[in-house]
$ cat run13.cif   # mmCIF, C-alpha atoms
data_query
#
loop_
_atom_site.label_atom_id
_atom_site.label_comp_id
_atom_site.auth_asym_id
_atom_site.auth_seq_id
_atom_site.Cartn_x
_atom_site.Cartn_y
_atom_site.Cartn_z
CA GLU A 1 2.91 -10.20 4.58
CA ASP A 2 2.94 -6.47 3.83
CA CYS A 3 -0.47 -5.93 2.19
CA ALA A 4 -0.64 -2.17 2.80
CA HIS A 5 -1.45 -1.40 -0.85
CA SER A 6 -3.04 -4.67 -1.90
CA LEU A 7 -6.47 -4.80 -0.25
CA GLY A 8 -8.70 -6.31 -2.93
CA CYS A 9 -5.90 -7.69 -5.10
CA ASP A 10 -5.84 -11.38 -5.88
CA TRP A 11 -3.57 -13.96 -7.47
CA LYS A 12 -5.40 -16.62 -9.49
CA GLY A 13 -8.58 -15.95 -7.53
CA VAL A 14 -6.97 -15.95 -4.07
CA LYS A 15 -7.07 -12.63 -2.21
CA SER A 16 -3.84 -11.05 -0.97
CA GLY A 17 -3.09 -11.89 2.63
CA SER A 18 -4.70 -15.33 2.36
CA SER A 19 -3.20 -18.26 4.23
CA GLU A 20 -3.79 -20.38 1.11
CA TYR A 21 -0.37 -19.29 -0.19
CA GLY A 22 1.36 -19.68 3.15
CA THR A 23 0.82 -16.22 4.63
CA VAL A 24 0.86 -16.47 8.41
CA ALA A 25 -0.32 -12.90 9.02
CA ALA A 26 -1.16 -9.98 6.74
CA CYS A 27 -1.09 -6.26 7.53
CA PHE A 28 -3.44 -3.87 5.72
CA SER A 29 -3.31 -0.09 5.86
CA SER A 30 -6.20 2.35 6.26
CA GLN A 31 -4.02 5.44 5.92
CA SER A 32 -5.57 8.38 4.11
CA ASN A 33 -4.73 7.39 0.52
CA LYS A 34 -5.67 3.71 0.83
CA LEU A 35 -8.82 1.96 -0.36
CA ILE A 36 -10.28 2.15 3.15
CA ASN A 37 -9.52 5.56 4.64
CA SER A 38 -9.49 6.25 8.36
CA GLY A 39 -6.84 8.99 8.21
CA GLU A 40 -4.24 6.78 9.88
CA GLY A 41 -4.19 3.20 11.09
CA GLY A 42 -4.50 -0.32 9.82
CA PHE A 43 -5.26 -3.87 10.87
CA LEU A 44 -3.82 -7.36 10.89
CA VAL A 45 -5.47 -10.64 9.88
CA THR A 46 -4.24 -14.12 10.74
CA ASP A 47 -5.40 -17.72 11.11
CA ASP A 48 -2.61 -18.44 13.60
CA GLU A 49 -3.88 -18.42 17.19
CA GLU A 50 -0.51 -17.67 18.79
CA ILE A 51 0.23 -14.75 16.47
CA ALA A 52 -3.26 -13.38 17.09
CA ILE A 53 -2.76 -13.59 20.85
CA ARG A 54 0.68 -11.96 20.70
CA CYS A 55 -0.76 -9.12 18.61
CA ILE A 56 -3.70 -8.64 20.97
CA LEU A 57 -1.29 -8.45 23.90
CA ALA A 58 1.20 -6.17 22.13
CA ALA A 59 -1.62 -3.83 21.11
CA GLY A 60 -2.34 -3.11 24.75
CA SER A 61 -4.44 -5.92 26.26
CA TYR A 62 -2.18 -6.18 29.30
CA GLU A 63 -3.05 -7.79 32.61
CA VAL A 64 -6.52 -9.26 31.97
CA LEU A 65 -7.81 -6.73 29.42
CA TYR A 66 -7.62 -9.43 26.74
CA LYS A 67 -10.80 -10.92 28.20
CA SER A 68 -12.75 -7.98 26.82
CA HIS A 69 -11.00 -7.93 23.43
CA LEU A 70 -13.56 -8.63 20.69
CA ALA A 71 -11.14 -10.69 18.60
CA ALA A 72 -10.00 -12.86 21.51
CA PRO A 73 -11.49 -16.35 21.97
CA ASP A 74 -14.05 -16.29 24.76
CA GLY A 75 -14.18 -18.41 27.88
CA PRO A 76 -11.59 -19.32 30.54
CA GLU A 77 -10.63 -22.51 28.68
CA ASN A 78 -9.26 -20.33 25.84
CA HIS A 79 -7.22 -18.02 28.06
CA ALA A 80 -4.36 -20.39 28.91
CA MET A 81 -2.18 -19.16 26.04
CA PHE A 82 -2.89 -15.54 26.99
CA ASP A 83 -1.77 -16.24 30.54
CA LYS A 84 1.41 -17.87 29.22
CA LEU A 85 2.35 -15.27 26.62
CA LYS A 86 1.41 -12.05 28.44
CA PHE A 87 4.61 -12.15 30.52
CA GLU A 88 6.87 -12.37 27.48
CA THR A 89 5.04 -9.94 25.18
CA PRO A 90 5.71 -6.19 25.60
CA ASN A 91 2.80 -3.77 25.64
CA PHE A 92 3.10 -1.16 22.90
CA SER A 93 -0.40 0.34 23.43
CA LEU A 94 -1.15 0.30 19.71
CA ARG A 95 -4.89 -0.24 20.08
CA MET A 96 -7.16 1.00 17.33
CA HIS A 97 -9.54 3.41 19.03
CA GLN A 98 -13.27 3.37 18.52
CA ILE A 99 -13.35 6.42 16.26
CA THR A 100 -10.98 4.83 13.74
CA ALA A 101 -12.98 1.59 13.81
CA ALA A 102 -16.23 3.52 13.36
CA ILE A 103 -14.77 5.23 10.27
CA ILE A 104 -13.58 1.93 8.76
CA GLN A 105 -16.61 -0.28 9.36
CA PRO A 106 -19.16 1.51 7.09
CA GLN A 107 -16.64 1.46 4.23
CA LEU A 108 -16.38 -2.33 4.08
CA PRO A 109 -19.61 -2.86 2.08
CA LEU A 110 -18.39 -0.23 -0.41
CA LEU A 111 -15.24 -2.10 -1.44
CA GLU A 112 -16.59 -3.77 -4.59
CA GLU A 113 -17.88 -0.47 -6.01
CA ARG A 114 -14.57 1.17 -5.16
CA PHE A 115 -12.69 -1.64 -6.93
CA LYS A 116 -14.74 -1.04 -10.08
CA LYS A 117 -14.10 2.71 -10.13
CA HIS A 118 -10.38 2.35 -9.43
CA ARG A 119 -9.94 -0.25 -12.16
CA TYR A 120 -11.90 1.86 -14.64
CA ASN A 121 -9.76 4.93 -13.97
CA TYR A 122 -6.58 2.86 -14.02
CA ALA A 123 -7.44 1.42 -17.44
CA ILE A 124 -7.86 4.94 -18.85
CA ALA A 125 -4.53 6.14 -17.42
CA GLU A 126 -2.73 2.98 -18.52
CA ARG A 127 -4.05 3.28 -22.07
CA ARG A 128 -3.02 6.93 -22.29
CA LEU A 129 0.43 6.61 -20.74
CA CYS A 130 1.54 3.48 -22.58
CA GLU A 131 1.39 5.48 -25.82
CA LEU A 132 3.91 8.08 -24.62
CA GLU A 133 7.52 7.97 -25.71
CA GLY A 134 9.86 8.18 -22.73
CA ILE A 135 7.61 6.12 -20.44
CA SER A 136 7.56 2.37 -19.86
CA LEU A 137 4.65 0.68 -18.10
CA PRO A 138 5.12 -2.79 -16.64
CA GLY A 139 2.47 -5.18 -17.90
CA GLN A 140 0.05 -6.96 -15.62
CA MET A 141 1.06 -10.47 -14.61
CA ASP A 142 -1.13 -13.31 -15.82
CA GLY A 143 -3.34 -14.48 -12.98
CA ALA A 144 -3.09 -11.23 -11.02
CA THR A 145 -5.98 -8.84 -10.38
CA GLN A 146 -5.04 -5.46 -9.00
CA VAL A 147 -7.09 -2.66 -7.51
CA GLY A 148 -5.63 0.24 -9.47
CA ASP A 149 -5.54 2.92 -6.79
CA SER A 150 -2.06 3.86 -7.97
CA LEU A 151 -0.05 3.44 -11.16
CA GLN A 152 3.70 3.00 -11.50
CA PHE A 153 5.72 3.67 -14.64
CA ASN A 154 9.40 4.02 -15.46
CA LEU A 155 11.03 7.05 -17.02
CA VAL A 156 13.19 5.92 -19.94
CA GLY A 157 16.43 7.55 -21.09
CA ARG A 158 16.75 10.01 -18.20
CA ASP A 159 19.36 10.82 -15.62
CA ARG A 160 18.57 12.08 -12.12
CA ALA A 161 18.44 15.72 -13.19
CA GLY A 162 16.03 14.90 -16.01
CA ALA A 163 13.82 12.86 -13.69
CA ASP A 164 13.75 15.67 -11.13
CA ALA A 165 12.86 18.18 -13.85
CA PHE A 166 9.94 15.98 -14.90
CA CYS A 167 8.62 15.78 -11.33
CA LYS A 168 8.92 19.54 -10.83
CA GLU A 169 6.99 20.14 -14.05
CA THR A 170 4.13 17.83 -13.09
CA ALA A 171 3.98 19.21 -9.54
CA LYS A 172 3.82 22.76 -10.90
CA ARG A 173 0.65 21.74 -12.73
CA GLY A 174 -1.00 20.02 -9.79
CA VAL A 175 0.14 16.43 -10.33
CA PRO A 176 2.61 15.48 -7.57
CA MET A 177 4.85 12.59 -8.51
CA GLU A 178 7.30 10.55 -6.46
CA ILE A 179 10.23 8.56 -7.79
CA PHE A 180 11.06 5.50 -5.72
CA GLY A 181 14.79 5.83 -6.38
CA ALA A 182 15.02 9.47 -5.32
CA LEU A 183 17.28 10.28 -2.37
CA ASP A 184 14.37 11.52 -0.23
CA ASN A 185 12.05 8.59 -1.00
CA ALA A 186 11.56 6.10 1.84
CA ARG A 187 11.55 3.17 -0.63
CA ASN A 188 15.12 3.92 -1.71
CA PHE A 189 16.87 1.40 0.51
CA LYS A 190 20.28 2.83 -0.37
CA THR A 191 19.55 5.77 1.93
CA TRP A 192 18.62 3.63 4.94
CA GLN A 193 21.10 4.19 7.74
CA PHE A 194 19.31 1.84 10.15
CA ALA A 195 20.06 -1.21 7.95
CA LEU A 196 22.68 -1.80 5.28
CA PRO A 197 21.29 -3.35 2.08
CA PRO A 198 22.84 -6.58 0.80
CA GLN A 199 25.42 -6.18 -1.92
CA ASP A 200 23.31 -8.06 -4.48
CA CYS A 201 20.44 -5.55 -4.63
CA GLU A 202 21.55 -3.58 -7.68
CA THR A 203 18.97 -5.35 -9.84
CA SER A 204 16.26 -4.31 -7.38
CA TYR A 205 17.54 -0.74 -7.40
CA LYS A 206 17.40 -0.60 -11.20
CA HIS A 207 13.69 -1.40 -10.97
CA ILE A 208 13.00 1.56 -8.67
CA GLU A 209 15.66 4.05 -9.80
CA TYR A 210 13.33 5.95 -12.15
CA ALA A 211 10.02 4.38 -11.17
CA CYS A 212 7.30 7.02 -10.77
CA ASP A 213 4.39 6.56 -8.40
CA LEU A 214 1.14 8.14 -9.57
CA ARG A 215 -1.69 8.03 -7.03
CA LEU A 216 -5.22 7.66 -8.41
CA PRO A 217 -7.51 8.47 -5.46
CA LEU A 218 -11.15 7.49 -5.52
CA HIS A 219 -12.59 10.98 -6.03
CA LEU A 220 -11.00 11.41 -9.48
CA THR A 221 -13.42 11.57 -12.40
CA GLU A 222 -12.74 10.33 -15.92
CA ALA A 223 -12.08 13.93 -16.95
CA ASP A 224 -9.59 14.28 -14.08
CA ILE A 225 -7.70 11.20 -15.27
CA HIS A 226 -7.38 12.64 -18.78
CA SER A 227 -6.21 15.97 -17.33
CA ILE A 228 -3.54 14.19 -15.28
CA CYS A 229 -2.36 12.30 -18.36
CA ASP A 230 -2.26 15.56 -20.32
CA VAL A 231 0.01 17.05 -17.64
CA ILE A 232 2.31 14.01 -17.72
CA GLU A 233 2.49 14.11 -21.53
CA PHE A 234 3.31 17.83 -21.48
CA ALA A 235 5.97 17.35 -18.78
CA ILE A 236 7.62 14.54 -20.72
CA GLN A 237 7.80 16.74 -23.82
CA VAL A 238 9.08 19.97 -22.26
CA THR A 239 11.75 18.26 -20.14
CA ALA A 240 13.00 15.86 -22.83
#
$ encode --input "run13.cif" --output "structure tokens"
Amino acid sequence: EDCAHSLGCDWKGVKSGSSEYGTVAACFSSQSNKLINSGEGGFLVTDDEEIAIRCILAAGSYEVLYKSHLAAPDGPENHAMFDKLKFETPNFSLRMHQITAAIIQPQLPLLEERFKKHRYNYAIAERRLCELEGISLPGQMDGATQVGDSLQFNLVGRDRAGADAFCKETAKRGVPMEIFGALDNARNFKTWQFALPPQDCETSYKHIEYACDLRLPLHLTEADIHSICDVIEFAIQVTA
């Protein structure tokens, strides 16, 4: 399960990436704008022993290096599957180095406080933006608890030129904005040349065509959030 943006989210009390809903393995990101920030990197969690072993091997525990891997089961009786799978698993040398781990570890006890601040800031931005004409905010699903480190909204009644003008106006005032359906956005699957999208994805594309991605990093104050919303409101008005 791709949990890059969902660390701390839950569905009816169950955290994202949990095996309770059938997830076999979950990948979380610690890239610079995520809840845990190590600059680059991430980590995988799983309850499945074989997947864990394959990941340990693929990450670079070749030959017998898996015996010193901290996440590997200890003792020779637990190494049989390693010995079996190491000959069919390529080594990609994707190990997290000690510096990245040392940056991540002290942040783990801070997660709950970070959740609170993100959700507080998100609520302010949501309340401000939902009042603006020309913007549509998707409501929160019943049973879902999000973190709020980013906010997505749809531009209403705009074509591509109008959407681009809006983004240029916000960027000019210090609020960079991405649109998922833009030609240069990695989430726009229509531009992927390494894989052709199925023909029945037009409904999905309509959801992202004018969807704006507003990042709400942890350092923002309440005053910052209001300033950002002021910029968005001004940009909506002058590019209408």
$ residues_around --input "run13.cif" --residues "stretch 119-124 of chain A" --least-positions-apart "6" --cutoff "7 Å" --atoms "only C-alpha atoms" --output "PDB file with C-alpha atoms, in the frame of the given file"
ATOM      1  CA  VAL A 147      -7.090  -2.660  -7.510  1.00  0.00           C
ATOM      2  CA  GLY A 148      -5.630   0.240  -9.470  1.00  0.00           C
ATOM      3  CA  GLU A 222     -12.740  10.330 -15.920  1.00  0.00           C
ATOM      4  CA  ILE A 225      -7.700  11.200 -15.270  1.00  0.00           C
TER       5      ILE A 225
END
$ atom_distance --input "run13.cif" --atom1 "atom CA of A:Cys201" --atom2 "atom CA of A:Gly8"
29.2 Å
$ resolve_selection --input "run13.cif" --expression "the PyMOL selection byres ((chain A and resi 51-54) around 10)" --output "ChimeraX atom specification"
/A:24-25,44-50,55-59,61,66,71-73,79,81-82,85-86,88-91
$ residues_around --input "run13.cif" --residues "A:Phe28" --least-positions-apart "3" --cutoff "9 Å" --atoms "all atoms listed in the file" --output "PyMOL selection string"
chain A and resi 2-7+17+41-45
$ residues_around --input "run13.cif" --residues "A:Lys206" --least-positions-apart "3" --cutoff "12 Å" --atoms "all atoms listed in the file" --output "PyMOL selection string"
chain A and resi 154-156+180-182+188-190+200-203+209-211
$ resolve_selection --input "run13.cif" --expression "the PyMOL selection byres ((chain A and resi 101-109) around 12)" --output "PyMOL selection string"
chain A and resi 7-8+29-32+34-43+95-100+110-115
$ closest_residue --input "run13.cif" --among "A:Gly162, A:Gly22, A:Pro76, A:Pro138" --to "A:Val64" --atoms "all atoms listed in the file"
A:Pro76
$ residues_around --input "run13.cif" --residues "A:Asp142" --least-positions-apart "4" --cutoff "12 Å" --atoms "all atoms listed in the file" --output "PyMOL selection string"
chain A and resi 10-13+146
$ closest_residue --input "run13.cif" --among "A:Leu129, A:Val238, A:Leu214, A:Ala195" --to "A:Asp149" --atoms "only C-alpha atoms"
A:Leu214
$ resolve_selection --input "run13.cif" --expression "the PyMOL selection byres ((chain A and resi 176) around 10)" --output "list of chain:residue names"
A:Cys167, A:Lys168, A:Glu169, A:Thr170, A:Ala171, A:Lys172, A:Arg173, A:Gly174, A:Val175, A:Met177, A:Glu178, A:Asp213, A:Leu214, A:Arg215, A:Ile228
$ atom_distance --input "run13.cif" --atom1 "atom CA of A:Gly60" --atom2 "atom CA of A:Phe87"
12.8 Å
$ atom_distance --input "run13.cif" --atom1 "atom CA of A:Glu63" --atom2 "atom CA of A:Asn78"
15.5 Å
